[in-house]
Each structure stands twice: as structure tokens, then as C-alpha cells.
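Engineer: My structure is below; once you've seen it, I'll send some questions.
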Amino acid sequence: MISVSGKYWEEFKFSKRFVDKIKVDNSFSEILSKIILMRGFTSEEIFTIKNNVELSNPFLKNFDYLQGYKIFENTIKNKGKIVILGDYDVDGIVSTSLMIKFLKKLNIKISYFIPDRIKDGYGANLNTIKKIVVYKPDLIIMLDCGSNSHEAVDYLNNKKIKSIIIDHHAIFRPYPKANCIINPHKNTYYSEFKFLCSGALVYFFIDFYLKKKNIDFNFKKNLILVLLSIVCDVMPLRFLNRVIAKNVLKSFNPKKNFAFRRIFEINKIKRPINIDDLGYLFGPIINCSGRIGNSSKSIDLLVSKEETIIENNIHYLINLNEKRKVLEERILKDIDLRDPCFLKSKVIVIYKKNLNEGLIGIIAARLKEYFNKPCLILTNSKNIIKGSARSTNIFDIGKFLKKAIDKKIILTGGGHNLAGGLTLKKENIDKLIKFVEIEYQNLNKNNQHKNIYLSKILSTSINSHFVSEIQKAAPFGSFNPNPKFLIENLKILKPKIIKEKFISCMLISNNRTFFKAISFNLVDSKISEYLLNYKKKIKIIAQLNENLWNNKKSIQLNIIDVIV
């Protein structure tokens with residue numbers, strides 16, 4: 001089944017026997033059982049649906065954590081100077097903020113450094129490390145970076161400066177010769193935790209230290225920041241991340257956190273916090289400082305206890321984020337989304353000379369969602385080309401970038417399965433385009449990429465009970481998305497454009513049932529064109545959401561795609 005956007009949609013194929021077994025064994029509804037089967041939930045994950053599960057630290061007997069603890073403790077005992085080097089995205093900012101909060105609580109003076117995206121480049125490169133060494137540190141802790149920083153670590157070793165790396169990005173042998181590397185992507189016995197982001201790894205490191213030292217300090221209140229990292233770094237909301245999410249959403253009260261409370265008040269939100277708030281409200285506000293501003297503003301927002309400082313930083317970052325949105329829309333409007341090359345290509349690669357470097361990752365993400373294909377955005381950066389990549393679950397961009405380095409097609413590159421960054425010479429752009437197409441085809445030979453919806457449902461089955469059964473599989477996010485359904489025989493009423501971005505409309509079924517609906521697809525997309533102009537009956541691929549407004553619940557359909 002081909003949609004107006006050119007995507008191929010297919011219903012998930014169920015084994016009725018397996019669905020019935022899940023239903024009987026757990027006393028679940030059929031729709032919930034289907035979601036569990038589609039997701040491949042483990043017995044432990046099924047347990048989290050039925051029960052409240054307390055979060056425990058899985059690294060309390062971990063050798064890397066113990067090694068890091070000893071280096072850390074020895075530095076503190078000898079009153080050594082500690083400098084934190086963090087990445088400039090949400091995960092890096094959260095990781096840095098957690099470590100600052102922790103060390104402040106121990107009354108330990110520290111310095112931190114977040115690279116400037118344009119001036120310094122990414123992560124723990126040699127030039128950045130040389131800047132930090134001026135502070136004469138005894139220990140540098142690299143957070144959300146450093147896993148492939150051989151030159152920088154060798155330089156520190158020559159200077160007899162110790163280093164700890166806590167990171168979740170792809171790492172390849174030979175590993176940097178740091179004093180301690182905590183990274184589940186190493187060939188190590190704790191590789192089952194590859195789904196954790198750096199913020200989570202840092203949180204568990206701090207928890208390890210507190211338990212080892214028997215310090216009674218409630219650091220769990222900072223789990224909201226860990227969840228912010230998980231969501232913004234598009235980590236799977238599965239397994240331990242799912243436990244973190246459920247614990248946070250159940251216990252976190254925005255009214256008791258000044259920064260979160262004020263952002264909610266400014267946006268006139270009067271309901272409990274949810275995953276979308278973290279991904280689409282708080283995340284962009286924190287992230288924009290590393291894209292077009294000063295990352296220290298976001299650090300201050302998360303770390304400061306002074307309400308005046310927090311208030312000032314909130315307004316600074318909100319205004320900066322609005323500026324980022326305007327710049328982003330300008331870039332998107334300058335890209336012809338109906339270019340036939342985009343339809344033919346398996347991977348979208350766009351090179352434009354003078355894009356804002358801080359925005360190329362967001363543009364890559366938007367286009368990846370629009371085309372449902374991996375996307376690389378390239379632009380000039382001084383004397384080289386800098387790029388940002390976003391990918392789908394079927395193409396590991398981190399592994400691809402490593403191959404491209406080995407083939408000497410790109411100069412530098414790194415990331416994880418869904419996102420990465422790279423640099424290359426301008427003359428190698430065509431080589432990169434050919435190489436990524438070949439690699440994608442080799443991985444997906446003879447496979448038409450299928451978009452899967454859970455099942456076809458009648459409009460008469462859409463009610464609050466049905467939606468509440470779906471919500472039992474929440475929180476939804478990466479690798480556990482809100483399920484999609486096929487709904488037929490609908491007509492579009494009162495379509496309108498909201499904020500020059502989205503399409504809002506009413507949908508009416510054969511039995512005269514009305515549904516509120518919204519589409520977050522780009523306003524100049526084929527989907528939006530049909531929603532605004534098509535007069536006949538349509539089929540839609542949609543997610544079901546329950547909105548809470550003024551203590552009243554209503555069902556809203558989120559239109560993913562249209563079929564005519």
C-alpha cells in the first residue's frame with residue numbers, strides 16, 4: 001500500500017497463538033498484547049507494565065566503574081584539580097551538569113569546558129585539550145565524548161594528566177589509552193547496556209561513588225535530567241531506560257523544580273510532565289545554546305540554585321530557541337523537497353555552502369523524518385566540509401562513518417547508530433555520496449523499506465478505553481513508539497494551517513463520528529497538500545493521543561500519512 005508521500009505501508013503480521021498467550025498469561029487486552037508482541041517486549045519489560053519497579057544500579061560490581069572510582073577518589077584525596085570536558089548537545093550538557101552538581105555537593109572546586117561548536121569543533125580533540133591543559137588539571141573527565149580521541153589522550157599521558165572517559169558513542173579498537181573508559185560499546189561484558197546515553201552512565205557513576213562512600217545524598221531527584229538526555233539523544237525507551245522513564249514520570253513534580261516550573265508557566269501548561277515535553281519543549285531550549293549560542297547558559301540553568309539566574313537564563317534560551325526556529329525554517333524553505341533525486345536516492349545527502357553549522361543536525365533530523373531515509377547535511381567550515389547525519393533503525397550511521405574513515409573518504413567522524421558527525425575534504429563529497437549509497441544497498445539488498453502499522457481499526461472502536469489500553473505500553477519513544485493504525489473511510493473537514501507549520505482539521509467517519517486531528521508533517525509536503533485540498537474519502541495512518549486540557553480529556557488523531 002503506497003501513500004501520497006510515496007511510503008510503502010504494511011500491517012504487522014501477528015501470530016494469533018502468541019497474542020492469545022500474552023493475553024491469557026497476563027490478563028491483558030488484545031490491543032495491548034499485540035503491542036507487546038510487535039515490540040518484542042521481554043518478560044522483564046512486561047513486568048514493568050503490571051508493576052512499579054524501583055531503579056537499581058547495574059554497575060555496582062563493574063570493573064570500569066571501580067577503576068574510575070579509584071582514580072576519582074585518589075584525585076580528591078590529593079586535592080588534585082578536576083576539569084570536566086562535556087559535549088555541547090543535551091546529553092553532554094546534562095552529563096556535565098550532573099557531575100558539577102555532584103562535586104559541588106562534595107564541596108570540591110572544579111572547572112568545566114564545553115567546546116564552541118564552530119571555534120573548537122567536536123569533543124575531545126587535541127586543540128580543545130590543549131586549551132584545558134592551561135588550567136593545569138590533575139584529572140580531566142570527558143563526558144559524552146572522548147571514545148576515539150587518541151591524539152588528545154596521548155597528549156594528556158605525556159603531560160602526566162589522568163583521564164576518565166564516560167561516553168556512549170561508537171568506540172573502536174585500539175581504544176584510547178585513558179586511565180579509565182566507561183563505554184558499553186567496548187568489547188566488554190556490560191555491552192548489554194549499549195542503549196544507555198552518557199547522562200545515564202554518569203548518573204550511575206555518581207550513584208556508585210555515593211554508595212561506595214556510604215554518603216546519604218538524594219541524587220535521585222536529578223533523574224529528570226537523565227530522562228531528558230535519554231529522550232533528546234533518541235535512546236530506546238526500553239529496558240532500564242523504560243524503568244527510569246516510568247519512575248521519573250510517576251514521581252517528578254515540576255512545581256518543585258524552579259526551572260521546569262517556570263518553563264511550564266511561560267508555556268501555560270497545567271498538567272503533569274510527559275515525554276513529549278522533554279523532546280519538544282525542554283530539549284530544544286537546552287540544546288539551542290550549543291547550536292547558536294553559549295552552552296554555559298544551559299549549564300547555569302540546570303546547575304544554579306539562584307532563581308534570578310535561572311529566570312534570566314530561561315528567557316535568554318527561549319529567545320535563542322525562537323531565533324533557531326526562524327533560521328531552521330529558512331533553510332528548509334530553500335530545499336526543494338520534491339526534487340526527484342530525493343525520491344531516487346536511498347540516502348539523502350545535501351551540500352550547501354553556507355549553512356549555520358549548529359543547525360545542520362536539526363535539518364538532517366527533519367529531512368530524515370520527512371523522507372524516512374538516512375540523511376547527511378554538509379556545509380563549509382573554514383577550509384573543510386562539516387557534516388551531520390541522522391539515520392533510521394536499519395542503517396547504523398556510527399559504523400558507516402568508521403568505514404568511511406578507514407577508506408579515507410572522510411577525515412573524522414563518529415556517533416552512534418542513529419546520529420553522527422563528520423568532516424571531509426570538498427573533493428570527496430561525490431565519493432561520500434557513492435559510498436553511502438553502496439553501503440546502504442549492501443545492507444538492504446532486495447528489501448523495499450517497509451513502514452509498519454499495528455493494525456487496521458474501525459472508527460467506532462476509537463474511545464477512551466481503547467486509548468487507555470494503548471497507554472499501558474507507554475512511555476512511548478525510540479524503539480517503543482506510539483503504535484500506528486490504519487483508519488479508513490474518513491473525510492476531511494475545516495483544514496487549517498497552524499503557526500505556518502502544521503495542519504489541523506476535523507475528520508468525519510461513515511457513522512458521523514467526528515475526530516480532532518493534527519499533522520506535524522511539513523506544511524509543503526504531499527500529506528499537507530492532500531489534507532488541505534482533497535474532498536473525497538481518505539485512509540490515514542495515525543496515532544491516537546489523549547489530550548488533557550482544563551481537566552477534560554479528549555482524543556486526538558496524529559496523522560502520520562495519507563492514502564487515497
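Please note that chains go A, B, ... in the order of the C-alpha cells, that every chain numbers its residues from 1, and that ligands are numbered from 1 in the order shown.
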Using only C-alpha atoms, determine which residues lie at most 10 Å from A:Lys382, disregarding the query and same-chain residues fewer than 4 positions distant; provide the list as a list in words.

Structural biologist: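 Listing them by chain and then by number gives Ile118, Lys119 and Lys386 of chain A.
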
Engineer: Output the selection as a PDB file, in the first residue's frame - N, CA, C and O atoms for each residue.

Structural biologist:
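For reference, out16.pdb as written:
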```pdb
ATOM      1  N   ILE A 118      31.742  25.918  16.581  1.00  0.00           N
ATOM      2  CA  ILE A 118      32.429  26.426  15.389  1.00  0.00           C
ATOM      3  C   ILE A 118      33.918  26.641  15.649  1.00  0.00           C
ATOM      4  O   ILE A 118      34.768  26.219  14.871  1.00  0.00           O
ATOM      5  N   LYS A 119      34.249  27.271  16.774  1.00  0.00           N
ATOM      6  CA  LYS A 119      35.650  27.591  17.051  1.00  0.00           C
ATOM      7  C   LYS A 119      36.464  26.353  17.421  1.00  0.00           C
ATOM      8  O   LYS A 119      37.622  26.203  17.024  1.00  0.00           O
ATOM      9  N   LYS A 386      31.996  20.226   6.847  1.00  0.00           N
ATOM     10  CA  LYS A 386      31.492  19.607   8.074  1.00  0.00           C
ATOM     11  C   LYS A 386      30.106  19.051   7.789  1.00  0.00           C
ATOM     12  O   LYS A 386      29.317  19.649   7.040  1.00  0.00           O
TER      13      LYS A 386
END
```

Engineer: Dump as a Markdown table the rows for residues of stretch 399-461 of chain A within 8 Å of stretch 337-356 of chain A: closest atom pair and distance in Å with one decimal, only C-alpha atoms counted, ordered by chain and rising residue number.

Structural biologist:
```
| residue | atom | partner | partner_atom | distance |
| --- | --- | --- | --- | --- |
| A:Ile433 | CA | A:Val349 | CA | 6.7 |
| A:Val436 | CA | A:Val347 | CA | 7.1 |
| A:Glu437 | CA | A:Val347 | CA | 6.2 |
| A:Tyr440 | CA | A:Lys346 | CA | 7.1 |
| A:Gln441 | CA | A:Lys346 | CA | 7.7 |
```

Engineer: If you keep C-alpha atoms, can you produce a file of those selected residues as a short mmCIF file (atom, residue, chain, number, x, y, z; two decimals), in the first residue's frame?

Structural biologist:
```cif
data_model
loop_
_atom_site.label_atom_id
_atom_site.label_comp_id
_atom_site.auth_asym_id
_atom_site.auth_seq_id
_atom_site.Cartn_x
_atom_site.Cartn_y
_atom_site.Cartn_z
CA ILE A 433 27.61 10.08 -1.76
CA VAL A 436 26.90 5.73 1.41
CA GLU A 437 24.53 4.57 -1.36
CA TYR A 440 23.05 1.17 2.28
CA GLN A 441 22.22 -1.11 -0.65
#
```

Engineer: What are the closest atom pairs, with distances in Å to one decimal, for all residues of stretch 98-173 of chain A lying within 8 Å of stretch 200-210 of chain A? Consider only C-alpha atoms, order rows by chain and residue number, and present the result as a tab-separated table.

Structural biologist:
```
residue	atom	partner	partner_atom	distance
A:Leu98	CA	A:Tyr203	CA	7.0
A:Met99	CA	A:Val202	CA	7.4
A:Phe102	CA	A:Ile206	CA	7.2
A:Leu143	CA	A:Val202	CA	7.9
A:Ile166	CA	A:Val202	CA	6.7
A:Asp167	CA	A:Leu201	CA	7.5
```

Engineer: For N, CA, C and O atoms, I'd like the residues from the last selection saved as a PDB file, in the first residue's frame.

Structural biologist:
```pdb
ATOM      1  N   LEU A  98      25.243  17.132  35.793  1.00  0.00           N
ATOM      2  CA  LEU A  98      25.163  16.134  36.866  1.00  0.00           C
ATOM      3  C   LEU A  98      26.476  16.069  37.639  1.00  0.00           C
ATOM      4  O   LEU A  98      26.481  16.023  38.875  1.00  0.00           O
ATOM      5  N   MET A  99      27.595  16.065  36.918  1.00  0.00           N
ATOM      6  CA  MET A  99      28.898  15.977  37.581  1.00  0.00           C
ATOM      7  C   MET A  99      29.191  17.237  38.391  1.00  0.00           C
ATOM      8  O   MET A  99      29.736  17.159  39.506  1.00  0.00           O
ATOM      9  N   PHE A 102      27.091  17.140  41.593  1.00  0.00           N
ATOM     10  CA  PHE A 102      27.656  16.138  42.497  1.00  0.00           C
ATOM     11  C   PHE A 102      28.906  16.673  43.204  1.00  0.00           C
ATOM     12  O   PHE A 102      29.028  16.607  44.435  1.00  0.00           O
ATOM     13  N   LEU A 143      33.056  13.751  29.162  1.00  0.00           N
ATOM     14  CA  LEU A 143      31.678  13.274  29.245  1.00  0.00           C
ATOM     15  C   LEU A 143      30.981  13.411  27.896  1.00  0.00           C
ATOM     16  O   LEU A 143      30.966  14.494  27.299  1.00  0.00           O
ATOM     17  N   ILE A 166      33.687   8.909  30.056  1.00  0.00           N
ATOM     18  CA  ILE A 166      32.354   8.305  30.237  1.00  0.00           C
ATOM     19  C   ILE A 166      31.533   8.708  29.019  1.00  0.00           C
ATOM     20  O   ILE A 166      31.173   9.872  28.851  1.00  0.00           O
ATOM     21  N   ASP A 167      31.255   7.752  28.160  1.00  0.00           N
ATOM     22  CA  ASP A 167      30.698   8.070  26.847  1.00  0.00           C
ATOM     23  C   ASP A 167      29.888   6.881  26.333  1.00  0.00           C
ATOM     24  O   ASP A 167      30.093   5.740  26.757  1.00  0.00           O
TER      25      ASP A 167
END
```

Engineer: Sort by chain and increasing residue number a table of all residues of stretch 309-395 of chain A within 12 Å of stretch 496-519 of chain A, each with its closest pair of atoms and their distance in Å to one decimal, counting only C-alpha atoms, and write it as a tab-separated table.

Structural biologist:
```
residue	atom	partner	partner_atom	distance
A:Lys325	CA	A:Lys501	CA	11.1
A:Val326	CA	A:Glu500	CA	11.5
A:Glu329	CA	A:Lys501	CA	9.3
A:Leu332	CA	A:Lys501	CA	11.5
A:Lys333	CA	A:Lys501	CA	11.4
```

Engineer: Limited to N, CA and C atoms, could you put the picked residues into a file as a CSV table (one decimal), in the first residue's frame?

Structural biologist:
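And here's part-v4.csv as it stands now:
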```csv
chain,number,residue,atom,x,y,z
A,325,LYS,N,14.6,28.6,15.5
A,325,LYS,CA,13.4,28.1,14.7
A,325,LYS,C,13.3,28.9,13.4
A,326,VAL,N,13.5,30.2,13.5
A,326,VAL,CA,13.4,31.0,12.3
A,326,VAL,C,14.5,30.6,11.3
A,329,GLU,N,13.7,27.2,9.6
A,329,GLU,CA,12.6,27.3,8.6
A,329,GLU,C,13.2,27.9,7.3
A,332,LEU,N,15.0,25.1,5.5
A,332,LEU,CA,14.1,24.1,5.0
A,332,LEU,C,13.4,24.7,3.7
A,333,LYS,N,13.0,25.9,3.8
A,333,LYS,CA,12.3,26.5,2.6
A,333,LYS,C,13.1,26.6,1.4
```

Engineer: Would you mind listing what lies within 6 Å of stretch 137-140 of chain A as a VMD selection string, with only C-alpha atoms counted and same-chain residues fewer than 2 positions away left out?

Structural biologist: chain A and resid 80 to 84 135 161 to 163

Engineer: Neighbours of A:Ile452 within 6 Å (only C-alpha atoms; same-chain residues fewer than 5 positions away dropped), as a list of chain:residue names?

Structural biologist: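 Those residues are A:Trp9, A:Glu10, A:Glu11, A:Phe12.
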
Engineer: Between A:Lys105, A:His416, A:Lys268, A:Lys130, which one has atoms that come closest to A:Asp216, using only C-alpha atoms?

Structural biologist: A:Lys105

Engineer: Mind checking DSSP for stretch 326-525 of chain A and telling me the strand (DSSP E or B) residues as a count of residues only?

Structural biologist: 63

Engineer: Do a neighbour search on A:Lys159 at 10 Å with only C-alpha atoms, toss out local chain neighbours closer than 3 positions, and write the hits as an NGL selection string.

Structural biologist: :A and (133 or 136 or 138 or 153-156 or 162)

Engineer: Which residues are near A:Cys288? Cut-off 8 Å, only C-alpha atoms, ignore same chain within fewer than 3 positions. Put them as a PyMOL selection string.

Structural biologist: chain A and resi 284-285+291-293+317+320-321+324

Engineer: Mind dumping the selected residues with N, CA and C atoms as an mmCIF file, in the first residue's frame?

Structural biologist:
```
data_model
loop_
_atom_site.group_PDB
_atom_site.id
_atom_site.type_symbol
_atom_site.label_atom_id
_atom_site.label_comp_id
_atom_site.auth_asym_id
_atom_site.auth_seq_id
_atom_site.Cartn_x
_atom_site.Cartn_y
_atom_site.Cartn_z
ATOM 1 N N PRO A 284 14.789 21.267 23.150
ATOM 2 C CA PRO A 284 15.248 22.327 22.238
ATOM 3 C C PRO A 284 15.743 23.583 22.959
ATOM 4 N N ILE A 285 15.132 23.912 24.106
ATOM 5 C CA ILE A 285 15.578 25.090 24.867
ATOM 6 C C ILE A 285 16.992 24.878 25.391
ATOM 7 N N ARG A 291 24.021 25.170 19.780
ATOM 8 C CA ARG A 291 23.906 25.282 18.327
ATOM 9 C C ARG A 291 24.215 26.697 17.837
ATOM 10 N N ILE A 292 23.624 27.687 18.505
ATOM 11 C CA ILE A 292 23.833 29.060 18.025
ATOM 12 C C ILE A 292 24.147 30.023 19.170
ATOM 13 N N GLY A 293 24.510 29.509 20.331
ATOM 14 C CA GLY A 293 24.764 30.389 21.459
ATOM 15 C C GLY A 293 25.900 29.906 22.323
ATOM 16 N N LEU A 317 17.427 31.660 26.778
ATOM 17 C CA LEU A 317 17.401 30.443 25.967
ATOM 18 C C LEU A 317 16.121 30.323 25.150
ATOM 19 N N LEU A 320 16.597 32.588 22.265
ATOM 20 C CA LEU A 320 17.581 31.993 21.363
ATOM 21 C C LEU A 320 16.953 30.847 20.564
ATOM 22 N N ASN A 321 16.101 30.070 21.224
ATOM 23 C CA ASN A 321 15.449 28.953 20.548
ATOM 24 C C ASN A 321 14.480 29.442 19.477
ATOM 25 N N ARG A 324 16.540 30.232 16.592
ATOM 26 C CA ARG A 324 16.937 28.982 15.947
ATOM 27 C C ARG A 324 15.820 28.463 15.038
#
```

Engineer: Can you work out which one of A:Asp406, A:Asp561, A:Asp300, A:Glu307 has the shortest atom-to-atom distance to A:Lys7, counting only C-alpha atoms?

Structural biologist: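 Looking only at the distances to A:Lys7, the closest residue turns out to be A:Asp561.
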
Engineer: Using only C-alpha atoms, determine which residues lie at most 7 Å from A:Met142, disregarding the query and same-chain residues fewer than 2 positions distant; provide the list as an MDAnalysis selection string.

Structural biologist: chainID A and resid 84:86 140 144:146 164:166

Engineer: Do you have the atom CA of A:Asp396-atom CA of A:Leu225 distance handy?

Structural biologist: 26.4 Å

Engineer: Counting only C-alpha atoms, which of A:Ser391, A:Gln543, A:Ser295, A:Gln67 gets nearest to A:Ile457?

Structural biologist: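 Going through A:Ser391, A:Gln543, A:Ser295, A:Gln67 one by one, the smallest distance to A:Ile457 is for A:Gln543.
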
Engineer: Mind running stretch 210-270 of chain A against stretch 472-485 of chain A at 12 Å and telling me each contacting residue's nearest atom pair with the distance in Å (one decimal), counting only C-alpha atoms, chain and number ascending, as a Markdown table?

Structural biologist:
```
| residue | atom | partner | partner_atom | distance |
| --- | --- | --- | --- | --- |
| A:Leu227 | CA | A:Pro475 | CA | 11.3 |
| A:Leu228 | CA | A:Gly477 | CA | 12.0 |
| A:Ile230 | CA | A:Ser478 | CA | 9.4 |
| A:Val231 | CA | A:Gly477 | CA | 7.3 |
| A:Cys232 | CA | A:Ser478 | CA | 10.1 |
| A:Asp233 | CA | A:Ser478 | CA | 9.6 |
| A:Val234 | CA | A:Ser478 | CA | 5.8 |
| A:Met235 | CA | A:Ser478 | CA | 6.1 |
| A:Pro236 | CA | A:Ser478 | CA | 4.6 |
| A:Leu237 | CA | A:Gly477 | CA | 5.5 |
| A:Arg238 | CA | A:Asn480 | CA | 6.9 |
| A:Phe239 | CA | A:Asn480 | CA | 10.5 |
| A:Asn241 | CA | A:Pro475 | CA | 10.1 |
| A:Arg242 | CA | A:Pro475 | CA | 7.3 |
| A:Val243 | CA | A:Pro475 | CA | 9.7 |
| A:Ile244 | CA | A:Pro475 | CA | 10.3 |
| A:Ala245 | CA | A:Pro475 | CA | 7.0 |
| A:Lys246 | CA | A:Pro475 | CA | 7.0 |
| A:Asn247 | CA | A:Pro475 | CA | 10.6 |
| A:Val248 | CA | A:Pro475 | CA | 10.7 |
| A:Leu249 | CA | A:Pro475 | CA | 8.7 |
| A:Lys250 | CA | A:Pro475 | CA | 10.9 |
```

Engineer: Residues of the last selection are to be written out with N, CA, C and O atoms, as an mmCIF file, in the first residue's frame.

Structural biologist:
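Output file part_23.cif follows:
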```
data_model
loop_
_atom_site.group_PDB
_atom_site.id
_atom_site.type_symbol
_atom_site.label_atom_id
_atom_site.label_comp_id
_atom_site.auth_asym_id
_atom_site.auth_seq_id
_atom_site.Cartn_x
_atom_site.Cartn_y
_atom_site.Cartn_z
ATOM 1 N N LEU A 227 16.478 11.460 32.176
ATOM 2 C CA LEU A 227 15.413 11.169 31.210
ATOM 3 C C LEU A 227 15.435 12.185 30.059
ATOM 4 O O LEU A 227 15.183 11.821 28.903
ATOM 5 N N LEU A 228 15.742 13.439 30.374
ATOM 6 C CA LEU A 228 15.884 14.455 29.328
ATOM 7 C C LEU A 228 16.965 14.041 28.330
ATOM 8 O O LEU A 228 16.790 14.156 27.109
ATOM 9 N N ILE A 230 18.035 10.911 27.748
ATOM 10 C CA ILE A 230 17.572 9.710 27.044
ATOM 11 C C ILE A 230 16.684 10.096 25.868
ATOM 12 O O ILE A 230 16.853 9.616 24.739
ATOM 13 N N VAL A 231 15.725 10.988 26.126
ATOM 14 C CA VAL A 231 14.758 11.376 25.097
ATOM 15 C C VAL A 231 15.428 12.182 23.988
ATOM 16 O O VAL A 231 15.235 11.917 22.801
ATOM 17 N N CYS A 232 16.246 13.170 24.370
ATOM 18 C CA CYS A 232 16.845 14.065 23.370
ATOM 19 C C CYS A 232 17.935 13.382 22.559
ATOM 20 O O CYS A 232 18.206 13.789 21.425
ATOM 21 N N ASP A 233 18.573 12.362 23.111
ATOM 22 C CA ASP A 233 19.584 11.628 22.354
ATOM 23 C C ASP A 233 18.975 10.436 21.624
ATOM 24 O O ASP A 233 19.695 9.596 21.081
ATOM 25 N N VAL A 234 17.645 10.364 21.631
ATOM 26 C CA VAL A 234 16.873 9.341 20.917
ATOM 27 C C VAL A 234 17.347 7.936 21.303
ATOM 28 O O VAL A 234 17.507 7.060 20.454
ATOM 29 N N MET A 235 17.541 7.724 22.596
ATOM 30 C CA MET A 235 17.872 6.399 23.092
ATOM 31 C C MET A 235 16.595 5.562 23.229
ATOM 32 O O MET A 235 15.512 6.118 23.457
ATOM 33 N N PRO A 236 16.694 4.255 23.086
ATOM 34 C CA PRO A 236 15.497 3.409 23.184
ATOM 35 C C PRO A 236 14.806 3.557 24.546
ATOM 36 O O PRO A 236 15.467 3.479 25.571
ATOM 37 N N LEU A 237 13.510 3.812 24.518
ATOM 38 C CA LEU A 237 12.748 3.824 25.773
ATOM 39 C C LEU A 237 12.337 2.398 26.102
ATOM 40 O O LEU A 237 11.157 2.055 26.170
ATOM 41 N N ARG A 238 13.340 1.586 26.306
ATOM 42 C CA ARG A 238 13.179 0.167 26.585
ATOM 43 C C ARG A 238 14.091 -0.217 27.752
ATOM 44 O O ARG A 238 14.988 0.526 28.145
ATOM 45 N N PHE A 239 13.838 -1.391 28.323
ATOM 46 C CA PHE A 239 14.707 -1.982 29.337
ATOM 47 C C PHE A 239 14.922 -1.009 30.512
ATOM 48 O O PHE A 239 13.955 -0.506 31.059
ATOM 49 N N ASN A 241 16.072 2.027 30.531
ATOM 50 C CA ASN A 241 15.570 3.369 30.208
ATOM 51 C C ASN A 241 14.077 3.469 30.476
ATOM 52 O O ASN A 241 13.570 4.524 30.879
ATOM 53 N N ARG A 242 13.373 2.377 30.227
ATOM 54 C CA ARG A 242 11.929 2.359 30.489
ATOM 55 C C ARG A 242 11.646 2.476 31.983
ATOM 56 O O ARG A 242 10.736 3.193 32.403
ATOM 57 N N VAL A 243 12.456 1.805 32.784
ATOM 58 C CA VAL A 243 12.310 1.877 34.246
ATOM 59 C C VAL A 243 12.577 3.302 34.724
ATOM 60 O O VAL A 243 11.847 3.844 35.560
ATOM 61 N N ILE A 244 13.645 3.919 34.183
ATOM 62 C CA ILE A 244 13.958 5.310 34.537
ATOM 63 C C ILE A 244 12.773 6.210 34.181
ATOM 64 O O ILE A 244 12.317 7.028 35.000
ATOM 65 N N ALA A 245 12.260 6.057 32.961
ATOM 66 C CA ALA A 245 11.162 6.907 32.488
ATOM 67 C C ALA A 245 9.927 6.760 33.360
ATOM 68 O O ALA A 245 9.304 7.756 33.763
ATOM 69 N N LYS A 246 9.560 5.528 33.675
ATOM 70 C CA LYS A 246 8.359 5.309 34.481
ATOM 71 C C LYS A 246 8.518 5.881 35.885
ATOM 72 O O LYS A 246 7.586 6.463 36.440
ATOM 73 N N ASN A 247 9.695 5.712 36.461
ATOM 74 C CA ASN A 247 9.949 6.253 37.803
ATOM 75 C C ASN A 247 9.875 7.777 37.798
ATOM 76 O O ASN A 247 9.277 8.383 38.698
ATOM 77 N N VAL A 248 10.492 8.396 36.798
ATOM 78 C CA VAL A 248 10.515 9.860 36.743
ATOM 79 C C VAL A 248 9.116 10.420 36.504
ATOM 80 O O VAL A 248 8.674 11.338 37.205
ATOM 81 N N LEU A 249 8.402 9.892 35.515
ATOM 82 C CA LEU A 249 7.085 10.430 35.180
ATOM 83 C C LEU A 249 6.090 10.248 36.326
ATOM 84 O O LEU A 249 5.166 11.054 36.487
ATOM 85 N N LYS A 250 6.313 9.228 37.127
ATOM 86 C CA LYS A 250 5.436 8.987 38.269
ATOM 87 C C LYS A 250 5.730 9.941 39.423
ATOM 88 O O LYS A 250 4.819 10.415 40.108
#
```

Engineer: Kindly assemble as a tab-separated table a list of the stretch 415-462 of chain A residues that lie within 9 Å of stretch 371-381 of chain A, each paired with its nearest atom pair and their distance in Å to one decimal, using only C-alpha atoms, sorted first by chain and then by ascending residue number.

Structural biologist:
```
residue	atom	partner	partner_atom	distance
A:Leu418	CA	A:Pro374	CA	8.7
A:Gly421	CA	A:Leu376	CA	8.9
A:Leu422	CA	A:Leu378	CA	8.9
A:Thr423	CA	A:Leu378	CA	8.7
A:Lys426	CA	A:Asn380	CA	8.4
A:Ile429	CA	A:Leu378	CA	8.7
A:Asn451	CA	A:Asn372	CA	8.9
```

Engineer: Since we have the selection now, will you write its residues out, keeping C-alpha atoms, as a tab-separated table (two decimals), in the first residue's frame?

Structural biologist:
```
chain	number	residue	atom	x	y	z
A	418	LEU	CA	21.05	6.94	14.76
A	421	GLY	CA	29.04	13.97	12.74
A	422	LEU	CA	31.84	14.08	10.18
A	423	THR	CA	34.40	16.23	8.40
A	426	LYS	CA	35.35	19.13	-0.52
A	429	ILE	CA	31.79	14.81	-1.41
A	451	ASN	CA	6.67	1.14	7.17
```
